[in-house]
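Q: I'm passing along coords_32.cif; it holds mmCIF, C-alpha atoms.
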```cif
data_structure
loop_
_atom_site.label_atom_id
_atom_site.label_comp_id
_atom_site.auth_asym_id
_atom_site.auth_seq_id
_atom_site.Cartn_x
_atom_site.Cartn_y
_atom_site.Cartn_z
CA MET A 1 112.76 61.78 93.26
CA ALA A 2 112.78 63.81 90.09
CA ALA A 3 113.41 67.51 90.48
CA MET A 4 110.62 70.02 90.01
CA GLY A 5 111.01 72.08 86.87
CA ASN A 6 112.05 75.53 88.08
CA ARG A 7 113.12 76.91 84.71
CA ILE A 8 111.45 77.13 81.30
CA LEU A 9 113.07 78.12 78.00
CA VAL A 10 110.55 79.72 75.67
CA ALA A 11 111.48 80.09 72.00
CA THR A 12 109.26 82.64 70.25
CA ARG A 13 108.96 84.36 66.92
CA LYS A 14 110.78 87.32 68.39
CA GLY A 15 113.36 85.94 70.77
CA LEU A 16 114.23 83.70 73.70
CA PHE A 17 112.63 84.07 77.11
CA ASP A 18 114.29 82.30 80.04
CA LEU A 19 111.81 81.96 82.90
CA LYS A 20 112.80 81.02 86.42
CA ARG A 21 110.73 80.23 89.47
CA GLY A 22 111.64 82.12 92.60
CA LYS A 23 109.95 82.79 95.94
CA ALA A 24 107.63 85.32 94.30
CA GLY A 25 106.69 82.98 91.48
CA TRP A 26 107.74 82.77 87.86
CA ARG A 27 109.57 85.64 86.20
CA ILE A 28 111.42 86.29 82.97
CA ALA A 29 115.00 86.12 84.22
CA ARG A 30 116.73 86.76 80.89
CA THR A 31 116.05 87.41 77.23
CA ALA A 32 118.21 86.80 74.17
CA PHE A 33 117.98 87.10 70.40
CA LEU A 34 115.17 89.68 70.69
CA GLY A 35 113.61 90.26 67.29
CA ASP A 36 114.81 86.98 65.80
CA ILE A 37 112.52 84.13 64.80
CA LEU A 38 113.36 81.10 66.92
CA SER A 39 112.02 77.58 66.53
CA GLN A 40 113.58 75.63 69.39
CA ALA A 41 115.39 76.11 72.69
CA LEU A 42 116.93 73.26 74.65
CA ARG A 43 118.95 72.78 77.81
CA ASP A 44 120.86 69.52 77.53
CA PRO A 45 120.36 67.88 80.93
CA ARG A 46 123.57 65.86 80.50
CA ASP A 47 125.96 68.80 80.53
CA GLY A 48 123.92 71.99 81.01
CA THR A 49 124.65 73.32 77.52
CA LEU A 50 121.92 75.52 76.03
CA TYR A 51 120.96 75.45 72.36
CA VAL A 52 118.76 77.84 70.38
CA ALA A 53 117.60 77.27 66.80
CA GLN A 54 117.02 80.41 64.76
CA SER A 55 115.09 80.75 61.55
CA LEU A 56 116.27 84.05 60.10
CA GLY A 57 113.86 84.28 57.22
CA HIS A 58 116.30 85.97 54.85
CA PHE A 59 119.50 84.41 56.07
CA GLY A 60 118.56 80.80 56.76
CA VAL A 61 118.57 78.58 59.83
CA LYS A 62 121.22 79.03 62.50
CA LEU A 63 122.19 77.17 65.65
CA GLN A 64 123.43 78.99 68.73
CA ARG A 65 125.10 77.38 71.74
CA SER A 66 125.77 78.65 75.24
CA GLN A 67 128.15 76.97 77.64
CA ASP A 68 127.70 79.54 80.39
CA ASP A 69 123.99 79.02 81.00
CA GLY A 70 122.84 81.72 78.60
CA ARG A 71 125.19 84.59 79.47
CA SER A 72 126.91 84.35 76.09
CA TRP A 73 126.18 82.53 72.84
CA LYS A 74 128.29 81.21 70.00
CA GLU A 75 127.02 80.39 66.54
CA MET A 76 127.65 76.78 65.57
CA ALA A 77 127.36 75.07 62.21
CA ALA A 78 123.67 74.46 61.53
CA PRO A 79 122.57 71.17 59.98
CA SER A 80 122.78 71.36 56.19
CA PHE A 81 122.30 68.94 53.32
CA PRO A 82 125.31 67.67 51.37
CA LYS A 83 125.85 69.35 48.01
CA THR A 84 124.21 67.60 45.06
CA ASP A 85 124.31 68.01 41.30
CA ASP A 86 120.57 68.67 41.31
CA ARG A 87 119.82 72.37 40.88
CA ASN A 88 116.66 71.75 42.91
CA GLY A 89 118.65 69.97 45.62
CA PRO A 90 117.51 70.21 49.26
CA SER A 91 118.26 72.96 51.74
CA VAL A 92 117.29 72.97 55.40
CA GLU A 93 114.38 75.35 55.84
CA TYR A 94 113.60 75.10 59.54
CA LEU A 95 115.03 73.36 62.61
CA PHE A 96 111.89 71.64 63.81
CA ALA A 97 113.11 69.41 66.65
CA ILE A 98 116.36 69.25 68.59
CA GLU A 99 116.98 66.55 71.17
CA PRO A 100 119.89 65.23 73.22
CA GLY A 101 121.15 61.72 72.51
CA GLY A 102 121.13 59.11 75.27
CA ALA A 103 122.76 59.38 78.67
CA ASP A 104 125.53 57.06 77.46
CA GLU A 105 126.51 59.22 74.48
CA PRO A 106 127.53 62.64 75.82
CA GLY A 107 127.57 65.44 73.28
CA VAL A 108 125.36 63.64 70.77
CA LEU A 109 122.44 65.70 69.45
CA TRP A 110 119.68 64.88 66.97
CA CYS A 111 117.94 67.50 64.85
CA GLY A 112 114.79 67.09 62.76
CA THR A 113 114.25 69.61 59.98
CA VAL A 114 111.67 70.91 57.57
CA GLY A 115 113.01 69.56 54.34
CA GLY A 116 112.70 66.08 55.84
CA GLY A 117 116.31 65.53 56.86
CA LEU A 118 117.29 64.02 60.20
CA PHE A 119 120.75 65.13 61.33
CA ARG A 120 123.13 63.92 64.05
CA SER A 121 125.90 65.82 65.77
CA PRO A 122 128.57 63.91 67.73
CA ASP A 123 130.11 67.05 69.21
CA ARG A 124 127.54 69.38 70.78
CA GLY A 125 126.54 70.94 67.51
CA ALA A 126 130.01 71.68 66.14
CA SER A 127 129.32 69.45 63.13
CA TRP A 128 126.29 67.65 61.69
CA THR A 129 125.75 64.68 59.41
CA LEU A 130 122.59 63.87 57.48
CA ASN A 131 121.17 60.50 58.53
CA ALA A 132 121.39 58.69 55.20
CA GLY A 133 119.46 55.63 56.38
CA LEU A 134 116.22 57.59 56.67
CA TRP A 135 116.89 60.11 53.89
CA GLU A 136 117.48 57.38 51.34
CA ARG A 137 114.31 55.44 52.06
CA PRO A 138 112.39 55.30 48.76
CA GLU A 139 109.12 55.98 50.61
CA ARG A 140 110.34 59.53 51.29
CA LYS A 141 108.97 60.64 47.92
CA ASP A 142 105.48 60.02 49.31
CA TRP A 143 105.99 62.23 52.35
CA GLY A 144 104.01 65.45 52.23
CA GLY A 145 104.07 68.90 53.74
CA GLY A 146 101.93 71.98 53.67
CA GLY A 147 100.99 74.53 56.25
CA PHE A 148 102.63 76.85 58.71
CA ASN A 149 106.39 76.39 58.47
CA VAL A 150 105.95 72.97 56.93
CA ASP A 151 105.66 73.41 53.18
CA LYS A 152 107.97 70.43 52.99
CA PRO A 153 107.91 67.34 55.20
CA GLY A 154 109.04 68.16 58.72
CA ILE A 155 110.52 65.89 61.39
CA ASP A 156 108.80 67.28 64.46
CA THR A 157 109.51 64.58 67.05
CA ILE A 158 112.66 62.65 68.00
CA LEU A 159 112.37 60.25 70.95
CA VAL A 160 115.54 58.48 72.08
CA ASP A 161 114.63 55.38 74.11
CA PRO A 162 115.89 55.82 77.69
CA ARG A 163 116.59 52.04 77.81
CA ASP A 164 118.71 51.96 74.64
CA SER A 165 120.08 55.03 72.84
CA LYS A 166 120.16 53.19 69.53
CA ARG A 167 116.37 52.89 69.54
CA ILE A 168 114.79 56.09 68.27
CA VAL A 169 111.26 57.00 67.25
CA VAL A 170 110.69 59.95 64.94
CA GLY A 171 107.44 61.61 63.90
CA ILE A 172 107.08 63.23 60.50
CA SER A 173 104.48 65.71 59.31
CA SER A 174 103.49 64.18 56.94
CA GLY A 175 105.48 60.95 56.68
CA GLY A 176 104.26 58.79 59.56
CA VAL A 177 106.15 57.27 62.48
CA TRP A 178 109.60 55.82 61.80
CA GLN A 179 111.82 53.79 64.10
CA THR A 180 115.40 52.59 64.21
CA SER A 181 116.89 49.99 66.53
CA ASP A 182 120.47 50.38 65.35
CA GLY A 183 121.23 54.03 65.97
CA GLY A 184 119.89 55.21 62.62
CA ALA A 185 121.47 52.77 60.16
CA THR A 186 118.13 51.21 59.21
CA TRP A 187 114.58 52.44 59.64
CA ARG A 188 111.07 51.02 59.47
CA ASN A 189 107.72 52.77 59.28
CA THR A 190 105.56 51.93 62.31
CA SER A 191 102.33 53.77 61.56
CA LYS A 192 99.97 50.80 61.78
CA GLY A 193 96.61 51.99 63.07
CA LEU A 194 97.00 55.61 62.00
CA TYR A 195 94.70 56.87 59.27
CA ALA A 196 94.24 60.14 57.40
CA GLU A 197 90.52 60.82 57.01
CA TYR A 198 91.08 63.61 54.47
CA MET A 199 92.87 61.37 51.96
CA PRO A 200 91.26 59.40 49.12
CA PRO A 201 89.98 56.10 50.60
CA ALA A 202 92.69 53.98 49.01
CA ARG A 203 95.42 56.07 50.64
CA ARG A 204 93.88 56.64 54.08
CA GLU A 205 96.03 54.05 55.81
CA ASP A 206 99.18 54.64 53.77
CA PRO A 207 101.90 54.72 56.46
CA ASN A 208 104.00 57.23 54.52
CA ILE A 209 101.48 60.05 54.37
CA GLN A 210 100.35 60.15 58.01
CA ASP A 211 100.45 63.65 59.46
CA VAL A 212 102.07 63.13 62.84
CA HIS A 213 101.85 66.45 64.66
CA ARG A 214 103.69 65.30 67.78
CA ILE A 215 104.51 62.18 69.81
CA ALA A 216 105.24 62.01 73.55
CA ARG A 217 106.60 59.10 75.57
CA CYS A 218 106.33 58.05 79.21
CA THR A 219 109.92 58.08 80.47
CA ALA A 220 109.39 55.37 83.10
CA VAL A 221 107.35 53.10 80.79
CA PRO A 222 108.89 53.88 77.41
CA ASP A 223 106.58 51.56 75.48
CA ALA A 224 103.70 53.91 76.32
CA LEU A 225 103.41 56.66 73.71
CA TRP A 226 100.76 59.26 72.87
CA LEU A 227 100.36 60.83 69.45
CA GLN A 228 98.50 63.91 68.24
CA HIS A 229 97.70 63.33 64.58
CA HIS A 230 96.16 65.80 62.17
CA ASN A 231 92.80 64.08 62.50
CA GLY A 232 92.84 62.71 66.00
CA VAL A 233 94.63 61.30 69.00
CA PHE A 234 96.30 57.89 69.06
CA ARG A 235 98.01 55.78 71.68
CA SER A 236 100.57 52.98 71.58
CA THR A 237 101.41 50.52 74.35
CA ASP A 238 103.94 48.53 72.33
CA GLY A 239 106.72 51.07 71.85
CA GLY A 240 105.09 52.76 68.89
CA THR A 241 104.83 49.63 66.75
CA SER A 242 101.07 49.97 66.44
CA TRP A 243 98.54 52.66 67.30
CA LYS A 244 94.95 52.79 68.49
CA GLU A 245 92.72 55.80 68.07
CA VAL A 246 91.62 57.55 71.26
CA LYS A 247 88.04 58.56 70.60
CA THR A 248 87.33 59.84 74.10
CA ILE A 249 89.36 63.04 73.63
CA ARG A 250 87.27 66.17 74.13
CA PRO A 251 86.18 68.85 73.44
CA SER A 252 87.68 68.12 69.99
CA LYS A 253 90.22 65.82 68.43
CA PHE A 254 92.31 68.32 66.46
CA GLY A 255 95.47 69.75 67.94
CA PHE A 256 99.22 69.87 67.71
CA ALA A 257 100.73 69.29 71.14
CA VAL A 258 100.85 66.35 73.53
CA ALA A 259 102.66 65.73 76.81
CA ALA A 260 103.08 62.33 78.47
CA HIS A 261 103.37 61.89 82.23
CA PRO A 262 106.99 60.94 82.98
CA LYS A 263 106.02 58.16 85.40
CA ASP A 264 102.38 57.23 84.83
CA PRO A 265 101.76 55.65 81.42
CA SER A 266 98.01 56.26 81.76
CA THR A 267 98.30 60.04 82.01
CA ALA A 268 98.70 62.51 79.13
CA TRP A 269 97.70 66.06 78.24
CA PHE A 270 96.48 67.61 74.96
CA VAL A 271 95.42 71.10 73.86
CA PRO A 272 92.53 70.65 71.42
CA GLY A 273 91.46 73.20 68.82
CA VAL A 274 88.24 73.22 66.78
CA LYS A 275 89.55 71.51 63.67
CA ASP A 276 92.16 71.75 60.95
CA GLU A 277 90.57 74.60 59.02
CA CYS A 278 89.59 76.49 62.20
CA ARG A 279 92.55 76.54 64.51
CA ILE A 280 91.09 78.17 67.60
CA PRO A 281 89.77 76.79 70.91
CA VAL A 282 86.24 75.40 70.86
CA ASP A 283 83.71 78.14 71.75
CA GLY A 284 86.57 80.58 72.49
CA LYS A 285 87.42 78.65 75.67
CA MET A 286 91.07 77.84 76.30
CA VAL A 287 91.33 74.32 77.74
CA VAL A 288 93.76 71.48 78.32
CA ALA A 289 92.44 67.90 78.05
CA ARG A 290 93.87 65.32 80.46
CA THR A 291 93.41 61.61 80.81
CA THR A 292 94.61 59.76 83.90
CA ASP A 293 93.09 56.37 83.09
CA GLY A 294 94.72 55.40 79.84
CA ALA A 295 92.25 57.32 77.67
CA LYS A 296 89.08 55.73 79.05
CA THR A 297 88.03 59.24 80.00
CA PHE A 298 89.27 62.80 79.61
CA LYS A 299 88.85 65.73 81.94
CA VAL A 300 88.69 69.18 80.36
CA LEU A 301 90.82 71.48 82.53
CA THR A 302 89.77 75.13 82.61
CA LYS A 303 90.67 76.65 86.00
CA GLY A 304 92.83 79.72 85.45
CA LEU A 305 92.49 79.56 81.65
CA PRO A 306 90.37 82.18 79.81
CA GLN A 307 86.88 80.90 79.10
CA LYS A 308 85.66 83.78 76.93
CA HIS A 309 87.03 85.06 73.64
CA ALA A 310 90.25 83.06 73.76
CA TYR A 311 91.77 82.33 70.36
CA ASP A 312 95.07 80.83 71.42
CA LEU A 313 96.63 78.05 69.40
CA VAL A 314 99.32 75.84 70.92
CA LEU A 315 101.83 74.53 68.42
CA ARG A 316 103.62 71.17 68.49
CA HIS A 317 106.33 72.16 70.95
CA GLY A 318 104.23 74.57 73.00
CA LEU A 319 103.31 72.10 75.77
CA ASP A 320 105.66 70.40 78.24
CA VAL A 321 105.62 68.60 81.56
CA ASP A 322 108.44 68.51 84.09
CA ALA A 323 110.17 65.42 85.49
CA THR A 324 107.72 65.12 88.39
CA GLY A 325 104.62 65.19 86.23
CA LYS A 326 103.19 67.97 88.38
CA ARG A 327 104.34 71.10 86.58
CA LEU A 328 103.16 71.89 83.08
CA VAL A 329 103.68 74.79 80.73
CA VAL A 330 101.50 75.86 77.81
CA GLY A 331 102.63 78.60 75.42
CA SER A 332 100.34 79.93 72.70
CA THR A 333 100.66 81.73 69.40
CA THR A 334 98.85 84.65 71.05
CA GLY A 335 101.80 85.03 73.42
CA HIS A 336 100.25 83.66 76.58
CA LEU A 337 102.27 81.37 78.80
CA TRP A 338 100.35 79.41 81.41
CA ILE A 339 101.91 77.24 84.08
CA SER A 340 100.29 74.60 86.28
CA GLU A 341 101.88 73.23 89.41
CA ASN A 342 99.27 70.56 90.09
CA GLY A 343 99.10 68.43 87.00
CA GLY A 344 96.83 70.84 85.18
CA ASN A 345 94.10 71.18 87.83
CA SER A 346 94.69 74.94 87.84
CA TRP A 347 96.77 77.34 85.77
CA THR A 348 98.47 80.69 86.28
CA LEU A 349 99.36 83.17 83.58
CA ALA A 350 103.14 83.54 83.86
CA ALA A 351 103.52 85.90 80.90
CA GLY A 352 100.81 87.49 78.80
CA ASN A 353 102.56 89.58 76.20
CA LEU A 354 105.10 87.29 74.65
CA PRO A 355 105.58 86.98 70.90
CA PRO A 356 103.99 83.86 69.38
CA VAL A 357 105.39 80.84 71.22
CA MET A 358 107.09 78.23 69.05
CA SER A 359 108.48 76.07 71.84
CA ALA A 360 108.20 76.02 75.64
CA ARG A 361 110.31 73.52 77.49
CA PHE A 362 111.36 72.81 81.08
CA ALA A 363 115.12 73.21 81.44
CA MET B 1 140.08 94.02 43.70
CA ALA B 2 136.34 94.44 44.06
CA ARG B 3 134.92 96.12 47.12
CA VAL B 4 132.29 93.98 48.96
CA ALA B 5 129.98 95.49 51.56
CA PHE B 6 127.15 93.89 53.52
CA THR B 7 123.89 95.28 54.86
CA GLY B 8 123.87 96.52 58.44
CA ASN B 9 121.03 94.08 59.09
CA LEU B 10 123.44 91.23 58.55
CA LYS B 11 126.05 92.73 60.87
CA ARG B 12 123.60 92.20 63.72
CA HIS B 13 123.99 88.44 63.25
CA VAL B 14 127.51 87.86 61.98
CA ASP B 15 130.75 89.78 61.65
CA CYS B 16 131.01 91.03 58.04
CA PRO B 17 133.13 94.12 57.54
CA ALA B 18 133.59 95.52 54.03
CA VAL B 19 136.55 93.92 52.29
CA ASP B 20 138.52 94.22 49.05
CA VAL B 21 138.93 90.86 47.35
CA PRO B 22 139.81 89.59 43.87
CA GLY B 23 137.48 87.63 41.60
CA ALA B 24 136.04 87.75 38.09
CA SER B 25 132.42 86.92 38.97
CA VAL B 26 130.05 87.66 41.83
CA ARG B 27 130.39 84.08 43.05
CA ALA B 28 134.20 84.11 42.81
CA VAL B 29 134.40 87.38 44.73
CA LEU B 30 132.04 86.14 47.42
CA GLU B 31 133.92 82.83 47.71
CA ASN B 32 137.03 84.82 48.45
CA VAL B 33 135.18 86.67 51.19
CA PHE B 34 133.88 83.38 52.66
CA ALA B 35 137.39 81.89 52.59
CA GLY B 36 138.20 84.19 55.48
CA ASN B 37 134.75 84.09 57.08
CA ALA B 38 133.15 80.63 56.82
CA LEU B 39 130.07 81.38 58.95
CA LEU B 40 129.08 84.21 56.62
CA ARG B 41 128.56 81.80 53.69
CA SER B 42 125.38 80.26 55.13
CA TYR B 43 123.77 83.70 55.46
CA VAL B 44 124.15 84.39 51.76
CA PHE B 45 124.02 80.96 50.11
CA ASP B 46 121.78 77.98 50.96
CA ASP B 47 122.88 74.34 51.36
CA GLN B 48 123.27 73.97 47.58
CA ASP B 49 125.19 77.24 47.13
CA ARG B 50 122.19 79.02 45.63
CA LEU B 51 121.79 82.67 46.54
CA ARG B 52 119.17 82.74 49.31
CA ARG B 53 115.76 83.68 47.98
CA HIS B 54 115.49 86.98 49.84
CA VAL B 55 119.12 88.00 49.58
CA ASN B 56 119.98 90.50 46.85
CA VAL B 57 123.36 91.23 45.33
CA TYR B 58 124.03 94.44 43.44
CA VAL B 59 127.11 95.19 41.39
CA ASN B 60 127.35 98.96 41.50
CA GLU B 61 123.76 100.07 40.78
CA LYS B 62 122.55 96.87 39.06
CA ARG B 63 121.06 93.75 40.53
CA ALA B 64 123.31 90.78 39.78
CA GLU B 65 123.31 86.99 39.78
CA PRO B 66 126.19 84.82 41.05
CA ASP B 67 127.56 84.17 37.58
CA ASP B 68 127.62 87.82 36.51
CA PRO B 69 131.07 89.31 35.80
CA VAL B 70 132.81 91.68 38.17
CA GLY B 71 135.50 94.19 37.29
CA PRO B 72 138.40 95.23 39.54
CA ARG B 73 136.88 98.60 40.36
CA ASP B 74 133.34 97.37 40.94
CA GLU B 75 131.49 97.60 44.22
CA ILE B 76 129.33 94.67 45.37
CA PHE B 77 126.59 95.22 47.90
CA VAL B 78 124.81 92.32 49.63
CA PHE B 79 121.49 93.03 51.33
CA GLN B 80 118.09 91.47 51.93
CA SER B 81 114.46 92.21 51.26
CA LEU B 82 112.68 93.19 54.47
CA ALA B 83 109.06 92.25 54.98
CA GLY B 84 106.73 90.75 57.55
CA GLY B 85 105.31 91.77 60.91
#
```
Would it be possible to restate this file's structure as structure tokens?
A:
Amino acid sequence: MAAMGNRILVATRKGLFDLKRGKAGWRIARTAFLGDILSQALRDPRDGTLYVAQSLGHFGVKLQRSQDDGRSWKEMAAPSFPKTDDRNGPSVEYLFAIEPGGADEPGVLWCGTVGGGLFRSPDRGASWTLNAGLWERPERKDWGGGGFNVDKPGIDTILVDPRDSKRIVVGISSGGVWQTSDGGATWRNTSKGLYAEYMPPARREDPNIQDVHRIARCTAVPDALWLQHHNGVFRSTDGGTSWKEVKTIRPSKFGFAVAAHPKDPSTAWFVPGVKDECRIPVDGKMVVARTTDGAKTFKVLTKGLPQKHAYDLVLRHGLDVDATGKRLVVGSTTGHLWISENGGNSWTLAAGNLPPVMSARFA
Amino acid sequence: MARVAFTGNLKRHVDCPAVDVPGASVRAVLENVFAGNALLRSYVFDDQDRLRRHVNVYVNEKRAEPDDPVGPRDEIFVFQSLAGG
């Protein structure tokens, strides 16, 4: 029986908030890095190490590590590109996704960046190497960027297959879905079925320009994946090899975040916004959309969420589900953090005055 | 030896006391600082060793670039532009 998520790490534009659930409910148990722009916070379930990614506008990206559960932090080497002779050579601009490697490779971390580089650390973040197999793909020149924190292509999703740590799916905004089966030596684009409605007709189905906002995978049935794309929701039942559009999503198909039920491949959650050029909830009503029947239908969940004058946006990493599939967290750019303990049927405001939430994750 | 001092805003993130180091250019002086403080480098230079876009270096009272010359009695000050909400 998977453990209930009793702790949430929230990375915001002005610091880290470590929430714990006690007898009286959820509370902010600790803060760190107050005033600093953070992009990610992770507790590695394999060894309990905590990681925080900073984006100090003036001073670059930094990676912090805690081996005493957040009481103290040590700055590690952040991922960086090798030096080149090109005066316009790449530099990491944002740490967009950080994920533990598989259960059989302790200490291994993966990091996706804005700049388009995927990096691997073999030693809990002490050192990082650019994944050359993906970086050197000629299709990379077609990848795009543009928008909040993603002026360059950004790797926003890294999914290590729980059955085989060498099989990894990454999502790129905007470079499509890429997969490796050999631990990152070789990669293939698996964006079949995705389309970009805003592109010229001849490029709509180009696999290398697809704007993948976020992908989530069912842990127990790893071939079941859900994808929030710039212009809609897609689903895969073949390990992300091909994708089918989910047209039943409501109240709208635009959004950034997605969460997949850890055990039930037919259940997933989304947080729709009006559309790309109007990134607010439809009619000012904050909602979460949930399917429990493999996208045949969606239920719009509203209980406990503001239904008047709500303008919250939930970014790619602002939605998470715990290992039981019962507890969910939603963190918004307006600084609201809502938690559900019943699969989304009802929600409670756990914190209402946070800085804009960049990432909220069960720990 | 040139005197190198860093903004207090940087001291919040990384240890960077003022130091006296040799070097004939801004870059050479800073490299000598980083030789004893590797973490500090990434706060000032990006992955390609370019001065970060919002980091300023002054030699005495003049804004300087990495290749500008530095004399033995010069003072180098590293600070950043502050903006945003």
Q: If I put a ball of radius 9 Å at (118.2, 85.0, 48.0) in the file's coordinates, which residues poke into it when counting only C-alpha atoms, written as a list in words?
A: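 The requested residues, written out, are His58 and Phe59 of chain A; Val44, Phe45, Asp46, Arg50, Leu51, Arg52, Arg53, His54, Val55, Asn56, Val57, Gln80 and Ser81 of chain B.
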Q: Residues at most 8 Å from Gln48 of chain B, counting only C-alpha atoms, excluding those fewer than 4 positions away in the same chain, as a PyMOL selection string?
A: chain A and resi 81-84+87+89-91
Q: Using all atoms listed in the file, what table do you get, as JSON lines, when you list each residue of chain A with an atom no more than 12 Å from chain B, its nearest pair of atoms, and their distance in Å rounded to one decimal, rows by chain then rising number?
A:
```
{"residue": "A:Arg13", "atom": "CA", "partner": "B:Gly85", "partner_atom": "CA", "distance": 10.2}
{"residue": "A:Lys14", "atom": "CA", "partner": "B:Gly85", "partner_atom": "CA", "distance": 10.3}
{"residue": "A:Phe33", "atom": "CA", "partner": "B:His13", "partner_atom": "CA", "distance": 9.4}
{"residue": "A:Leu34", "atom": "CA", "partner": "B:Arg12", "partner_atom": "CA", "distance": 11.2}
{"residue": "A:Gly35", "atom": "CA", "partner": "B:Gly85", "partner_atom": "CA", "distance": 10.6}
{"residue": "A:Asp36", "atom": "CA", "partner": "B:His13", "partner_atom": "CA", "distance": 9.6}
{"residue": "A:Ile37", "atom": "CA", "partner": "B:Gly85", "partner_atom": "CA", "distance": 11.2}
{"residue": "A:Gln54", "atom": "CA", "partner": "B:His13", "partner_atom": "CA", "distance": 10.7}
{"residue": "A:Ser55", "atom": "CA", "partner": "B:Tyr43", "partner_atom": "CA", "distance": 11.0}
{"residue": "A:Leu56", "atom": "CA", "partner": "B:Tyr43", "partner_atom": "CA", "distance": 8.8}
{"residue": "A:Gly57", "atom": "CA", "partner": "B:His54", "partner_atom": "CA", "distance": 8.0}
{"residue": "A:His58", "atom": "CA", "partner": "B:His54", "partner_atom": "CA", "distance": 5.2}
{"residue": "A:Phe59", "atom": "CA", "partner": "B:Tyr43", "partner_atom": "CA", "distance": 4.4}
{"residue": "A:Gly60", "atom": "CA", "partner": "B:Tyr43", "partner_atom": "CA", "distance": 6.1}
{"residue": "A:Val61", "atom": "CA", "partner": "B:Ser42", "partner_atom": "CA", "distance": 8.4}
{"residue": "A:Lys62", "atom": "CA", "partner": "B:Ser42", "partner_atom": "CA", "distance": 8.6}
{"residue": "A:Leu63", "atom": "CA", "partner": "B:Leu39", "partner_atom": "CA", "distance": 11.2}
{"residue": "A:Gln64", "atom": "CA", "partner": "B:His13", "partner_atom": "CA", "distance": 10.9}
{"residue": "A:Trp73", "atom": "CA", "partner": "B:His13", "partner_atom": "CA", "distance": 11.5}
{"residue": "A:Lys74", "atom": "CA", "partner": "B:Val14", "partner_atom": "CA", "distance": 10.4}
{"residue": "A:Glu75", "atom": "CA", "partner": "B:Leu39", "partner_atom": "CA", "distance": 8.2}
{"residue": "A:Met76", "atom": "CA", "partner": "B:Leu39", "partner_atom": "CA", "distance": 8.4}
{"residue": "A:Ala77", "atom": "CA", "partner": "B:Leu39", "partner_atom": "CA", "distance": 7.6}
{"residue": "A:Ala78", "atom": "CA", "partner": "B:Ser42", "partner_atom": "CA", "distance": 8.8}
{"residue": "A:Pro79", "atom": "CA", "partner": "B:Asp47", "partner_atom": "CA", "distance": 9.2}
{"residue": "A:Ser80", "atom": "CA", "partner": "B:Asp47", "partner_atom": "CA", "distance": 5.7}
{"residue": "A:Phe81", "atom": "CA", "partner": "B:Asp47", "partner_atom": "CA", "distance": 5.8}
{"residue": "A:Pro82", "atom": "CA", "partner": "B:Asp47", "partner_atom": "CA", "distance": 7.1}
{"residue": "A:Lys83", "atom": "CA", "partner": "B:Gln48", "partner_atom": "CA", "distance": 5.3}
{"residue": "A:Thr84", "atom": "CA", "partner": "B:Gln48", "partner_atom": "CA", "distance": 6.9}
{"residue": "A:Asp85", "atom": "CA", "partner": "B:Gln48", "partner_atom": "CA", "distance": 8.7}
{"residue": "A:Asp86", "atom": "CA", "partner": "B:Gln48", "partner_atom": "CA", "distance": 8.6}
{"residue": "A:Arg87", "atom": "CA", "partner": "B:Gln48", "partner_atom": "CA", "distance": 7.7}
{"residue": "A:Asn88", "atom": "CA", "partner": "B:Gln48", "partner_atom": "CA", "distance": 8.4}
{"residue": "A:Gly89", "atom": "CA", "partner": "B:Gln48", "partner_atom": "CA", "distance": 6.4}
{"residue": "A:Pro90", "atom": "CA", "partner": "B:Gln48", "partner_atom": "CA", "distance": 7.1}
{"residue": "A:Ser91", "atom": "CA", "partner": "B:Asp47", "partner_atom": "CA", "distance": 4.8}
{"residue": "A:Val92", "atom": "CA", "partner": "B:Asp47", "partner_atom": "CA", "distance": 7.0}
{"residue": "A:Glu93", "atom": "CA", "partner": "B:Asp46", "partner_atom": "CA", "distance": 9.2}
{"residue": "A:Gly115", "atom": "CA", "partner": "B:Asp47", "partner_atom": "CA", "distance": 11.4}
{"residue": "A:Pro355", "atom": "CA", "partner": "B:Gly85", "partner_atom": "CA", "distance": 11.1}
{"residue": "A:Pro356", "atom": "CA", "partner": "B:Gly85", "partner_atom": "CA", "distance": 11.7}
```
Q: Take the PyMOL selection byres ((chain A and resi 221-233) around 9), run it mentally on this structure, and tell me the resulting residues as a VMD selection string.
A: chain A and resid 161 to 163 173 194 to 198 210 to 220 234 to 240 243 to 247 249 252 to 260 262 to 266 268 270 275 to 276 316
Q: Taking the file as shown, find all residues satisfying the PyMOL selection byres ((chain B and resi 19) around 6) and write them as a VMD selection string.
A: chain B and resid 3 to 4 18 20
Q: Restrict the selected residues to C-alpha atoms and save them as a short mmCIF file (atom, residue, chain, number, x, y, z; two decimals), keeping the file's coordinate frame.
A:
```cif
data_model
loop_
_atom_site.label_atom_id
_atom_site.label_comp_id
_atom_site.auth_asym_id
_atom_site.auth_seq_id
_atom_site.Cartn_x
_atom_site.Cartn_y
_atom_site.Cartn_z
CA ARG B 3 134.92 96.12 47.12
CA VAL B 4 132.29 93.98 48.96
CA ALA B 18 133.59 95.52 54.03
CA ASP B 20 138.52 94.22 49.05
#
```
Q: Between B:Gly8, B:Gly36, B:Pro66, B:Pro72, which residue has the minimum interatomic distance to Gly23 of chain B, considering all atoms listed in the file?
A: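 Among the listed residues, B:Pro72 lies closest to Gly23 of chain B.
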Q: Taking into account all atoms listed in the file, which residue in the set B:Val59, B:Ala64, B:Ala2, B:Val70 is nearest to Ala24 of chain B?
A: B:Val70
Q: For atom CA of Val274 of chain A and atom CA of Val300 of chain A, quote the distance in Å rounded to one decimal.
A: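 Interatomic distance here is 14.2 Å.
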